[in-house]
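The file data-v2.cif contains mmCIF, C-alpha atoms:
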```cif
data_my_file
loop_
_atom_site.label_atom_id
_atom_site.label_comp_id
_atom_site.auth_asym_id
_atom_site.auth_seq_id
_atom_site.Cartn_x
_atom_site.Cartn_y
_atom_site.Cartn_z
CA MET A 1 16.19 99.23 -170.62
CA SER A 2 13.15 98.72 -172.83
CA SER A 3 9.69 97.30 -172.54
CA SER A 4 6.64 96.26 -174.45
CA ALA A 5 3.97 96.83 -171.81
CA PRO A 6 1.27 99.17 -173.11
CA GLN A 7 0.87 102.46 -171.31
CA ASP A 8 -2.47 103.58 -170.01
CA THR A 9 -4.49 105.30 -172.68
CA ALA A 10 -6.59 107.01 -170.00
CA PRO A 11 -4.02 108.07 -167.40
CA HIS A 12 -6.45 110.08 -165.32
CA ARG A 13 -9.11 107.44 -164.84
CA LEU A 14 -9.44 105.49 -161.61
CA TRP A 15 -8.69 101.79 -161.95
CA SER A 16 -10.43 99.21 -159.79
CA VAL A 17 -8.43 96.70 -157.76
CA ASP A 18 -9.73 93.87 -159.94
CA GLU A 19 -8.80 95.65 -163.18
CA HIS A 20 -5.25 96.29 -162.02
CA LEU A 21 -4.78 92.68 -160.85
CA ALA A 22 -6.18 91.36 -164.12
CA ASP A 23 -3.74 93.58 -166.03
CA VAL A 24 -0.82 92.22 -164.01
CA LEU A 25 -1.81 88.57 -164.37
CA ALA A 26 -2.48 88.96 -168.11
CA THR A 27 1.16 89.99 -168.55
CA VAL A 28 2.92 87.56 -166.22
CA ARG A 29 3.61 84.08 -167.61
CA PRO A 30 4.82 80.95 -165.78
CA LEU A 31 8.57 80.40 -165.94
CA GLU A 32 9.98 77.76 -168.28
CA PRO A 33 10.47 74.31 -166.66
CA LEU A 34 13.87 73.02 -165.61
CA GLU A 35 15.22 69.61 -164.53
CA LEU A 36 16.54 70.17 -161.00
CA GLN A 37 18.21 68.11 -158.30
CA LEU A 38 15.82 67.23 -155.48
CA LEU A 39 16.99 69.77 -152.91
CA ASP A 40 17.16 72.49 -155.55
CA ALA A 41 13.54 71.69 -156.43
CA GLN A 42 12.21 72.39 -152.92
CA GLY A 43 9.42 74.95 -153.09
CA CYS A 44 9.00 74.47 -156.84
CA VAL A 45 5.94 73.26 -158.73
CA LEU A 46 5.98 69.93 -160.59
CA VAL A 47 5.18 70.16 -164.29
CA GLU A 48 4.60 66.43 -164.86
CA ASP A 49 3.06 63.48 -163.05
CA VAL A 50 5.54 61.26 -161.22
CA THR A 51 4.75 57.54 -161.07
CA VAL A 52 6.24 54.94 -158.74
CA PRO A 53 8.85 52.74 -160.50
CA VAL A 54 9.19 50.23 -157.62
CA ALA A 55 6.92 49.24 -154.75
CA LEU A 56 7.49 50.77 -151.32
CA PRO A 57 8.63 49.03 -149.29
CA PRO A 58 10.30 46.89 -151.97
CA PHE A 59 10.26 43.77 -149.74
CA ASP A 60 8.57 42.44 -146.61
CA ASN A 61 10.45 43.89 -143.64
CA SER A 62 10.35 44.09 -139.87
CA SER A 63 8.78 47.04 -138.06
CA MET A 64 10.48 46.09 -134.78
CA ASP A 65 13.79 44.95 -133.34
CA GLY A 66 13.19 41.34 -132.31
CA TYR A 67 13.13 37.81 -133.66
CA ALA A 68 11.77 36.43 -136.92
CA VAL A 69 9.82 33.26 -136.11
CA ARG A 70 7.35 30.71 -137.43
CA VAL A 71 3.84 31.15 -135.95
CA ALA A 72 3.51 27.47 -134.98
CA ASP A 73 6.71 27.63 -132.92
CA VAL A 74 5.44 30.38 -130.60
CA GLN A 75 1.80 29.28 -130.36
CA GLY A 76 0.73 29.24 -126.70
CA ALA A 77 3.99 30.78 -125.46
CA SER A 78 3.87 32.53 -122.08
CA GLU A 79 6.25 33.73 -119.40
CA GLU A 80 5.57 30.56 -117.40
CA PHE A 81 5.95 28.30 -120.44
CA PRO A 82 8.12 30.14 -122.98
CA ALA A 83 8.86 28.84 -126.44
CA VAL A 84 12.57 27.99 -126.63
CA LEU A 85 14.02 28.54 -130.11
CA ALA A 86 17.47 28.13 -131.59
CA VAL A 87 18.89 31.42 -132.85
CA ILE A 88 20.48 30.85 -136.27
CA GLY A 89 21.87 34.32 -137.00
CA ASP A 90 21.29 38.04 -137.48
CA VAL A 91 19.26 39.83 -140.15
CA ALA A 92 20.25 43.49 -140.24
CA ALA A 93 18.85 46.30 -142.39
CA GLY A 94 20.58 46.04 -145.74
CA SER A 95 21.22 42.30 -145.41
CA GLY A 96 21.57 40.50 -148.71
CA GLU A 97 21.94 36.77 -148.14
CA LEU A 98 19.30 35.69 -145.62
CA PRO A 99 19.18 32.61 -143.36
CA THR A 100 16.16 30.32 -143.70
CA VAL A 101 14.12 29.96 -140.52
CA GLY A 102 13.12 26.34 -140.01
CA PRO A 103 11.03 24.58 -137.35
CA GLY A 104 12.17 25.47 -133.84
CA GLN A 105 14.39 28.26 -135.08
CA ALA A 106 14.48 32.09 -134.94
CA ALA A 107 16.66 34.81 -136.43
CA ARG A 108 17.49 38.09 -134.69
CA ILE A 109 16.05 40.82 -136.88
CA MET A 110 16.39 44.61 -136.85
CA THR A 111 13.85 47.28 -137.80
CA GLY A 112 13.72 47.66 -141.58
CA ALA A 113 15.51 44.36 -142.26
CA PRO A 114 13.98 41.96 -144.80
CA LEU A 115 11.88 39.10 -143.42
CA PRO A 116 13.95 35.94 -143.94
CA PRO A 117 12.57 32.89 -145.77
CA GLY A 118 10.50 30.58 -143.56
CA ALA A 119 9.65 33.30 -141.03
CA GLU A 120 5.99 34.32 -140.74
CA ALA A 121 6.06 36.96 -138.00
CA VAL A 122 8.32 39.07 -135.80
CA VAL A 123 8.20 39.01 -132.01
CA PRO A 124 9.60 42.20 -130.41
CA VAL A 125 12.68 41.70 -128.26
CA GLU A 126 10.62 42.88 -125.25
CA TRP A 127 8.54 39.70 -125.61
CA THR A 128 11.67 37.58 -125.14
CA ASP A 129 14.62 37.14 -122.80
CA GLY A 130 16.92 38.53 -125.52
CA GLY A 131 18.90 35.28 -125.48
CA THR A 132 20.19 35.94 -121.97
CA GLY A 133 18.29 33.17 -120.20
CA GLY A 134 16.78 35.74 -117.81
CA GLY A 135 13.54 37.73 -117.71
CA ALA A 136 12.03 40.07 -120.28
CA ALA A 137 14.70 41.92 -122.26
CA ALA A 138 14.79 45.70 -122.70
CA GLY A 139 16.97 45.50 -125.80
CA MET A 140 19.49 43.48 -127.74
CA THR A 141 23.16 43.05 -127.10
CA PRO A 142 25.01 45.01 -129.81
CA ALA A 143 26.37 42.68 -132.48
CA SER A 144 29.77 44.37 -132.37
CA ALA A 145 30.08 43.87 -128.61
CA ALA A 146 28.88 40.26 -128.50
CA PRO A 147 28.79 38.50 -131.88
CA GLU A 148 27.73 35.31 -130.10
CA GLY A 149 24.44 37.04 -129.33
CA ALA A 150 23.29 35.94 -132.75
CA GLY A 151 23.52 32.32 -131.68
CA GLY A 152 22.33 30.18 -128.79
CA GLU A 153 18.74 30.11 -127.64
CA VAL A 154 15.99 32.64 -127.10
CA ARG A 155 12.92 32.26 -124.90
CA VAL A 156 9.75 33.80 -126.34
CA HIS A 157 7.12 34.78 -123.74
CA ARG A 158 4.18 35.63 -126.02
CA ALA A 159 2.53 34.17 -129.10
CA ALA A 160 2.42 36.06 -132.40
CA GLU A 161 -0.09 35.99 -135.23
CA ALA A 162 0.92 35.64 -138.86
CA ARG A 163 2.42 38.86 -140.30
CA ALA A 164 2.69 40.45 -136.85
CA HIS A 165 5.13 43.39 -136.96
CA VAL A 166 5.80 42.82 -140.64
CA ARG A 167 5.55 45.65 -143.18
CA SER A 168 4.28 44.10 -146.37
CA ARG A 169 5.89 44.76 -149.72
CA GLY A 170 4.01 47.60 -151.47
CA SER A 171 2.02 48.54 -148.35
CA ASP A 172 3.05 52.20 -148.86
CA VAL A 173 2.78 52.48 -152.66
CA GLN A 174 2.70 49.99 -155.51
CA ALA A 175 4.76 50.17 -158.68
CA GLY A 176 2.82 52.19 -161.27
CA ASP A 177 0.93 54.23 -158.68
CA LEU A 178 0.79 58.01 -159.04
CA ALA A 179 3.32 59.36 -156.56
CA LEU A 180 2.83 63.09 -157.14
CA ALA A 181 0.62 64.92 -159.62
CA ALA A 182 1.68 67.80 -161.83
CA GLY A 183 1.03 71.06 -160.00
CA THR A 184 2.26 69.79 -156.64
CA VAL A 185 4.45 72.17 -154.67
CA LEU A 186 7.47 70.22 -153.45
CA GLY A 187 7.90 70.46 -149.68
CA PRO A 188 10.00 68.20 -147.43
CA PRO A 189 7.53 65.25 -147.44
CA GLN A 190 7.29 65.33 -151.25
CA ILE A 191 11.08 65.50 -151.56
CA ALA A 192 11.28 62.48 -149.23
CA LEU A 193 8.87 60.50 -151.40
CA LEU A 194 10.78 61.33 -154.58
CA ALA A 195 14.02 60.18 -152.98
CA ALA A 196 12.37 57.01 -151.65
CA ILE A 197 11.25 55.98 -155.13
CA GLY A 198 14.70 56.65 -156.54
CA ARG A 199 14.22 59.99 -158.31
CA GLY A 200 17.40 62.08 -158.21
CA THR A 201 16.02 64.91 -160.34
CA VAL A 202 12.58 66.23 -161.17
CA ARG A 203 11.10 68.58 -163.77
CA VAL A 204 9.67 71.73 -162.20
CA ARG A 205 9.09 75.40 -162.77
CA PRO A 206 11.86 77.18 -160.83
CA ARG A 207 11.17 79.51 -157.95
CA PRO A 208 10.94 83.08 -159.31
CA ARG A 209 13.82 85.43 -158.60
CA VAL A 210 12.36 88.64 -157.19
CA VAL A 211 14.45 91.78 -156.76
CA VAL A 212 13.06 94.23 -154.19
CA LEU A 213 14.39 97.77 -154.01
CA SER A 214 13.17 100.75 -152.02
CA THR A 215 13.71 104.38 -152.97
CA GLY A 216 14.17 107.49 -150.91
CA SER A 217 17.09 109.66 -149.82
CA GLU A 218 15.61 109.67 -146.33
CA LEU A 219 16.09 105.92 -145.86
CA VAL A 220 18.80 104.51 -143.58
CA GLN A 221 19.66 100.83 -143.21
CA PRO A 222 18.82 99.21 -139.85
CA GLY A 223 21.84 99.19 -137.56
CA GLU A 224 23.09 102.57 -138.75
CA ALA A 225 22.62 105.85 -136.91
CA LEU A 226 19.67 108.06 -137.82
CA ALA A 227 20.40 111.63 -138.84
CA ALA A 228 17.88 114.45 -138.76
CA GLY A 229 14.99 113.82 -141.16
CA THR A 230 15.86 110.17 -141.82
CA ILE A 231 14.02 106.93 -141.09
CA TYR A 232 14.93 103.26 -141.25
CA ASP A 233 14.21 101.34 -144.44
CA SER A 234 11.59 98.75 -143.47
CA ASN A 235 9.84 98.29 -146.82
CA SER A 236 12.62 96.41 -148.59
CA PHE A 237 12.91 93.99 -145.67
CA ALA A 238 9.14 93.49 -145.43
CA LEU A 239 8.68 92.90 -149.15
CA ALA A 240 11.72 90.63 -149.50
CA ALA A 241 10.38 88.54 -146.62
CA ALA A 242 6.91 88.54 -148.20
CA ALA A 243 8.40 87.41 -151.53
CA ARG A 244 10.12 84.49 -149.80
CA ASP A 245 6.89 83.64 -148.01
CA ALA A 246 5.13 83.56 -151.38
CA GLY A 247 7.67 81.03 -152.69
CA ALA A 248 10.23 83.23 -154.45
CA ILE A 249 13.98 83.64 -154.16
CA ALA A 250 14.25 87.24 -152.98
CA TYR A 251 17.10 89.69 -153.45
CA ARG A 252 16.94 92.88 -151.41
CA VAL A 253 18.66 95.97 -152.75
CA GLY A 254 19.55 98.72 -150.27
CA ALA A 255 17.62 101.97 -150.54
CA VAL A 256 18.28 103.97 -153.70
CA ALA A 257 18.57 107.75 -153.36
CA ASP A 258 16.08 110.07 -155.07
CA ASP A 259 17.98 110.29 -158.33
CA ALA A 260 16.47 109.01 -161.59
CA GLU A 261 19.79 108.19 -163.28
CA THR A 262 20.98 106.22 -160.26
CA LEU A 263 17.73 104.28 -160.10
CA ARG A 264 17.84 103.48 -163.81
CA ALA A 265 21.40 102.18 -163.42
CA VAL A 266 20.41 100.01 -160.44
CA ILE A 267 17.47 98.52 -162.34
CA GLU A 268 19.71 97.81 -165.34
CA ASP A 269 22.19 96.02 -163.07
CA GLN A 270 19.48 93.95 -161.35
CA LEU A 271 17.76 92.71 -164.52
CA ILE A 272 20.28 89.89 -164.92
CA ARG A 273 18.99 88.15 -161.79
CA ALA A 274 15.32 89.15 -161.85
CA ASP A 275 12.21 87.35 -163.04
CA LEU A 276 10.24 90.12 -161.33
CA LEU A 277 11.20 93.58 -160.07
CA VAL A 278 9.41 95.27 -157.17
CA THR A 279 10.04 98.90 -156.24
CA THR A 280 8.58 100.77 -153.34
CA GLY A 281 8.20 104.55 -153.08
CA GLY A 282 8.33 107.30 -155.65
CA VAL A 283 5.11 106.55 -157.54
CA SER A 284 2.87 109.47 -156.57
CA VAL A 285 2.79 113.07 -157.81
CA GLY A 286 5.54 114.68 -155.74
CA ALA A 287 8.61 116.47 -157.08
CA TYR A 288 10.87 113.67 -155.79
CA ASP A 289 8.90 110.65 -156.95
CA VAL A 290 11.98 109.11 -158.54
CA VAL A 291 10.49 105.81 -159.77
CA LYS A 292 7.94 107.63 -161.85
CA GLU A 293 10.62 109.94 -163.23
CA ALA A 294 13.13 107.17 -163.95
CA LEU A 295 10.75 104.91 -165.83
CA THR A 296 9.86 107.38 -168.56
CA SER A 297 11.58 108.33 -171.81
CA VAL A 298 15.04 109.84 -171.46
CA SER A 299 17.75 110.92 -173.90
CA ALA A 300 21.07 109.18 -174.43
CA GLY A 301 23.23 111.53 -176.44
CA ASP A 302 21.32 112.48 -179.59
CA GLU A 303 19.22 109.34 -179.54
CA ALA A 304 16.03 109.01 -177.50
CA VAL A 305 15.82 105.71 -175.66
CA GLU A 306 12.94 104.27 -173.74
CA ALA A 307 13.87 103.66 -170.12
CA GLY A 308 10.70 101.76 -169.32
CA ARG A 309 7.11 101.24 -170.33
CA VAL A 310 5.55 101.35 -166.91
CA ASP A 311 2.03 102.63 -166.52
CA PHE A 312 1.48 104.76 -163.41
CA ARG A 313 -2.14 104.78 -162.37
CA LYS A 314 -4.49 105.53 -159.51
CA LEU A 315 -6.57 102.74 -158.01
CA ALA A 316 -9.90 102.96 -156.23
CA MET A 317 -8.46 101.54 -153.02
CA GLN A 318 -7.16 102.59 -149.62
CA PRO A 319 -4.34 102.25 -148.76
CA GLY A 320 -2.32 101.95 -151.99
CA LYS A 321 -3.98 104.35 -154.40
CA PRO A 322 -0.84 105.11 -156.54
CA GLN A 323 0.50 102.05 -158.39
CA GLY A 324 2.79 101.34 -161.32
CA PHE A 325 3.05 98.30 -163.55
CA GLY A 326 4.81 97.35 -166.76
CA THR A 327 7.75 95.42 -168.15
CA VAL A 328 11.35 96.54 -168.55
CA GLY A 329 14.54 95.35 -170.20
CA PRO A 330 15.23 93.16 -173.24
CA ASP A 331 13.45 90.17 -171.68
CA HIS A 332 10.36 92.23 -170.78
CA THR A 333 10.82 91.59 -167.07
CA PRO A 334 7.64 92.48 -165.14
CA LEU A 335 7.97 95.42 -162.75
CA LEU A 336 5.49 96.42 -160.07
CA ALA A 337 5.99 99.87 -158.54
CA LEU A 338 4.35 100.09 -155.12
CA PRO A 339 3.72 103.14 -152.93
CA GLY A 340 6.20 104.00 -150.20
CA ASN A 341 4.06 104.09 -147.07
CA PRO A 342 4.76 100.80 -145.23
CA VAL A 343 1.18 99.59 -144.91
CA SER A 344 0.36 100.68 -148.47
CA SER A 345 3.33 98.78 -149.87
CA TYR A 346 2.55 95.62 -147.89
CA VAL A 347 -1.14 95.60 -148.76
CA SER A 348 -0.22 96.22 -152.41
CA PHE A 349 2.21 93.32 -152.29
CA GLU A 350 -0.44 90.94 -150.98
CA LEU A 351 -3.00 92.02 -153.56
CA PHE A 352 -0.79 92.25 -156.66
CA VAL A 353 2.79 91.01 -156.21
CA ARG A 354 2.04 87.76 -154.43
CA PRO A 355 -0.35 86.64 -157.20
CA ALA A 356 2.28 87.59 -159.80
CA ILE A 357 4.95 85.50 -158.02
CA ARG A 358 2.69 82.48 -157.72
CA THR A 359 1.66 82.81 -161.36
CA LEU A 360 5.35 82.77 -162.33
CA MET A 361 5.66 79.56 -160.26
CA GLY A 362 2.97 77.94 -162.39
CA LEU A 363 0.29 77.62 -159.72
CA PRO A 364 -3.36 77.58 -160.84
CA ALA A 365 -5.42 80.77 -160.65
CA SER A 366 -7.27 79.43 -157.60
CA GLU A 367 -4.02 79.34 -155.59
CA VAL A 368 -2.30 82.60 -156.52
CA SER A 369 -4.05 84.86 -154.00
CA ARG A 370 -4.49 84.56 -150.26
CA PRO A 371 -7.61 82.66 -149.12
CA SER A 372 -10.53 84.70 -147.85
CA VAL A 373 -13.48 83.98 -145.55
CA ARG A 374 -16.60 85.75 -144.39
CA ALA A 375 -16.49 86.98 -140.79
CA VAL A 376 -18.58 89.11 -138.44
CA LEU A 377 -17.13 92.47 -137.39
CA LYS A 378 -16.39 92.61 -133.66
CA ALA A 379 -15.84 96.27 -132.73
CA ASP A 380 -16.93 98.96 -130.29
CA ARG A 381 -18.04 101.37 -133.00
CA PRO A 382 -18.81 101.44 -136.73
CA ILE A 383 -15.93 101.47 -139.21
CA GLY A 384 -15.93 104.30 -141.71
CA SER A 385 -14.67 103.93 -145.27
CA PRO A 386 -14.24 106.46 -148.11
CA ALA A 387 -16.84 106.41 -150.84
CA ALA A 388 -15.87 104.70 -154.11
CA ARG A 389 -12.76 103.14 -152.52
CA ARG A 390 -12.17 99.52 -151.59
CA GLN A 391 -10.61 99.75 -148.14
CA PHE A 392 -8.27 97.15 -146.63
CA LEU A 393 -8.03 97.37 -142.84
CA ARG A 394 -5.80 95.32 -140.58
CA GLY A 395 -7.57 92.83 -138.34
CA THR A 396 -7.30 89.74 -136.17
CA TYR A 397 -9.49 86.81 -137.16
CA ASP A 398 -10.94 84.31 -134.70
CA PRO A 399 -11.86 81.14 -136.61
CA GLU A 400 -13.70 79.62 -133.64
CA SER A 401 -16.18 82.47 -133.29
CA GLY A 402 -16.06 83.54 -136.94
CA THR A 403 -15.35 87.13 -135.96
CA VAL A 404 -12.75 89.71 -136.97
CA SER A 405 -11.54 92.66 -134.88
CA PRO A 406 -9.78 95.82 -136.11
CA VAL A 407 -6.10 96.33 -135.21
CA GLY A 408 -4.85 99.92 -135.09
CA GLY A 409 -6.17 102.73 -137.25
CA SER A 410 -6.42 103.20 -141.00
CA GLY A 411 -3.19 105.22 -141.37
CA SER A 412 -0.82 103.82 -144.00
CA HIS A 413 2.22 104.46 -141.79
CA LEU A 414 1.12 102.33 -138.81
CA ILE A 415 3.64 99.47 -138.97
CA ALA A 416 3.10 98.32 -135.37
CA ALA A 417 -0.56 97.55 -136.02
CA LEU A 418 0.39 95.59 -139.15
CA ALA A 419 2.78 93.44 -137.11
CA HIS A 420 -0.10 92.32 -134.88
CA ALA A 421 -2.61 91.65 -137.68
CA ASP A 422 -3.27 88.27 -139.25
CA SER A 423 -5.84 89.39 -141.80
CA LEU A 424 -7.16 92.23 -143.92
CA MET A 425 -10.77 93.32 -143.60
CA VAL A 426 -12.24 94.32 -146.96
CA VAL A 427 -14.78 97.15 -147.11
CA PRO A 428 -16.38 97.33 -150.59
CA GLU A 429 -16.39 100.47 -152.73
CA ASP A 430 -20.11 101.08 -152.24
CA VAL A 431 -19.98 100.89 -148.42
CA THR A 432 -19.05 103.93 -146.32
CA SER A 433 -19.81 102.52 -142.86
CA VAL A 434 -19.73 99.01 -141.40
CA GLU A 435 -21.69 98.41 -138.20
CA PRO A 436 -20.51 95.97 -135.51
CA GLY A 437 -22.12 92.60 -136.21
CA ALA A 438 -22.04 93.09 -139.98
CA GLU A 439 -20.39 90.46 -142.18
CA LEU A 440 -17.20 91.28 -144.08
CA GLU A 441 -14.80 89.59 -146.45
CA VAL A 442 -11.56 88.84 -144.64
CA ILE A 443 -8.27 88.01 -146.41
CA LEU A 444 -6.19 85.63 -144.29
CA LEU A 445 -2.50 86.52 -144.15
CA GLY A 446 -1.22 83.57 -142.12
#
```
Would you mind giving the structure from this file in structure tokens?
Amino acid sequence: MSSSAPQDTAPHRLWSVDEHLADVLATVRPLEPLELQLLDAQGCVLVEDVTVPVALPPFDNSSMDGYAVRVADVQGASEEFPAVLAVIGDVAAGSGELPTVGPGQAARIMTGAPLPPGAEAVVPVEWTDGGTGGGAAAGMTPASAAPEGAGGEVRVHRAAEARAHVRSRGSDVQAGDLALAAGTVLGPPQIALLAAIGRGTVRVRPRPRVVVLSTGSELVQPGEALAAGTIYDSNSFALAAAARDAGAIAYRVGAVADDAETLRAVIEDQLIRADLLVTTGGVSVGAYDVVKEALTSVSAGDEAVEAGRVDFRKLAMQPGKPQGFGTVGPDHTPLLALPGNPVSSYVSFELFVRPAIRTLMGLPASEVSRPSVRAVLKADRPIGSPAARRQFLRGTYDPESGTVSPVGGSGSHLIAALAHADSLMVVPEDVTSVEPGAELEVILLG
């Protein structure tokens, strides 16, 4: 496992949040484009403009189930004096050969079916007797049950203007129009449009494959019994879910014990399916900080090999002060090493990993980070913040009042408070106390 990421030349200095993010984004590059089938391209970013090859709809068609008629034949029609027309046949969706509607004639027509020659409008079946000779119809007799329903006479009780209930050819998009611009993220409506204009494949940047692994011998998988001194592994689940939310394909690896050789082997195994590696835990200064130990030079027999060029640094932020970043493996796969406390790891993900994922996707710089707004602090007392640290506190944002309220305390282990927050309140490095009513930057998580 090797890397080309430069190590910090000043390991004891304090990095700012902005410096660390800039370092990450300067290393991460968008993934190479691929031609993918439509459903495989969902969630991906287009790398080229897509133009419309044929107009939508490609022909004039009915927007209702009813009868295709000439306007003159139904002029002045009413329930007392209906227009009586000869029904010459059915026009179903997908019909090829169409009957011609002449004077005094009508054709039964279904929603989406092409408007037959001679017809100028469609009258809904509810405006007619449905060919039954009775009152207003609620629907049509199924063609399979009564083929003769396509013949005989129909009484029309209301007049219709020209082009009534007709979808005009090209009323959605015209041939040559721009369907989707490069940079568009393909969701269900975009996939629908691509299919409607006949595109079976599209050129996109693939969704990044993100491998998330947590470290710690104390971690137990949810559903298993807790022994003394153990806790459930929540970080790998939280970060894998966050990676999916950011647009990635996430692979969660069960907790790795505090053993450097084991961790190195796991990372080696995961490189084959990773565009980005995210670890959580083991990045501080303790005796069992295994990530930091594993991603340093080791010996293999008589030959020294480099297990990873990951820079471990301290950031001027709270929570999330210890961080690691570099690239590993023959393909220089980016690796972000996050702290192990649950809130610290999640905040670090939002600030650094999410932008890296969205950069890999090929999104512009303006769309890689969460949006932020200015909001007024709504609280019972001032909020304290450590000097020279940018603090990120959990909050709930009210867009109607433009206020934000704290949720829980500042402890980096308080998962319950995080679950009820929809935003992060940002206290700048040069501010040690924020009074109620003061304005803050708020990062929106929803």
* To do: Might you spell out which residues the PyMOL selection byres ((chain A and resi 233) around 6) would select in the displayed file, as a ChimeraX atom specification?
  => /A:219-221,232,234-235
* **Picked residues, the PyMOL selection byres ((chain A and resi 29) around 10), as number ranges by chain** => A: 24-28, 30-32, 334, 356-357, 359-362
* Asked: Residues at most 10 Å from segment 238-241 of chain A, counting all atoms listed in the file, excluding those fewer than 5 positions away in the same chain, as a PyMOL selection string?
  -> chain A and resi 210-214+233+246+248-253+278-280+342+345-346+349-350+353-354
* Just the residues within 9 Å of Gln323 of chain A, please, counting only C-alpha atoms, with nothing from its chain fewer than 6 positions along; format it as a ChimeraX atom specification. => /A:20,283-284,311-315,336-339,348
Quick one: residues within 7 Å of Ala316 of chain A, all atoms listed in the file counted, chain neighbours fewer than 5 positions away excluded, as a short mmCIF file (atom, residue, chain, number, x, y, z; two decimals) with C-alpha atoms, in the coordinates of the input?
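Output file part_13.cif is given in full below:
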```cif
data_model
loop_
_atom_site.label_atom_id
_atom_site.label_comp_id
_atom_site.auth_asym_id
_atom_site.auth_seq_id
_atom_site.Cartn_x
_atom_site.Cartn_y
_atom_site.Cartn_z
CA LEU A 14 -9.44 105.49 -161.61
CA TRP A 15 -8.69 101.79 -161.95
CA SER A 16 -10.43 99.21 -159.79
CA VAL A 17 -8.43 96.70 -157.76
CA LYS A 321 -3.98 104.35 -154.40
CA ALA A 388 -15.87 104.70 -154.11
CA ARG A 389 -12.76 103.14 -152.52
CA ARG A 390 -12.17 99.52 -151.59
#
```
* So what do you get for atom CA of Val347 of chain A versus atom CA of Val407 of chain A, distance-wise? ->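 Between atom CA of Val347 of chain A and atom CA of Val407 of chain A the gap is 14.4 Å.
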* **Straight-line distance linking atom CA of Ala255 of chain A with atom CA of Val290 of chain A, stated in Å to one decimal** =>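 Separation between atom CA of Ala255 of chain A and atom CA of Val290 of chain A: 12.1 Å.
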* To do: Please evaluate the PyMOL selection byres ((chain A and resi 383) around 8) against the displayed coordinates and give the resulting residues as a ChimeraX atom specification.
  => /A:381-382,384-385,433-435
* To do: Go through A:Ala175, A:Leu377, A:Leu440, A:Val291 one by one, measure the shortest atom-to-atom distance of each to Ser405 of chain A using all atoms listed in the file, and give the residue with the smallest value.
  =>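 Closest to Ser405 of chain A of all the choices is A:Leu377.
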* Asked: In terms of the shortest atom-to-atom distance over all atoms listed in the file, which of A:Asp23, A:Val427, A:Glu80, A:Asp172 is closest to Thr327 of chain A?
  ->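 Counting all atoms listed in the file, the residue closest to Thr327 of chain A is A:Asp23.
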* Asked: Looking at all atoms listed in the file, which of A:Gly247, A:Gly183, A:Pro57, A:Gly229 is the one that sits closest to Arg167 of chain A?
  -> A:Pro57
* Atomic separation - atom CA of Thr333 of chain A relative to atom CA of Arg264 of chain A, Å ->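 About the pair atom CA of Arg264 of chain A and atom CA of Thr333 of chain A: they are 14.2 Å apart.
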* Asked: Which of these, A:Leu98, A:Leu277, A:Leu39, A:Leu46, has the shortest distance to Leu363 of chain A once you count all atoms listed in the file?
  ->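 Ranking A:Leu98, A:Leu277, A:Leu39, A:Leu46 by distance to Leu363 of chain A, first place goes to A:Leu46.
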* To do: Compile the contact shell of Pro82 of chain A as a list in words: residues with an atom at most 7 Å away, counting all atoms listed in the file, same-chain residues fewer than 6 positions apart removed.
  =>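 Final neighbour list, sorted by chain and number: Arg155, Val156 and His157 of chain A.
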Quick one: what's the axis-aligned box for segment 397-400 of chain A, all listed atoms, 3 Å on every side, centre and edges in Å to one decimal, as lines of an AutoDock Vina configuration file?
```
center_x = -11.6
center_y = 83.2
center_z = -135.4
size_x = 10.2
size_y = 13.2
size_z = 9.5
```
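The shortest atom-to-atom distance to Ala86 of chain A, with all atoms listed in the file taken into account, belongs to A:Val154 out of A:Asp73, A:Val154, A:Asp65, A:Arg108.
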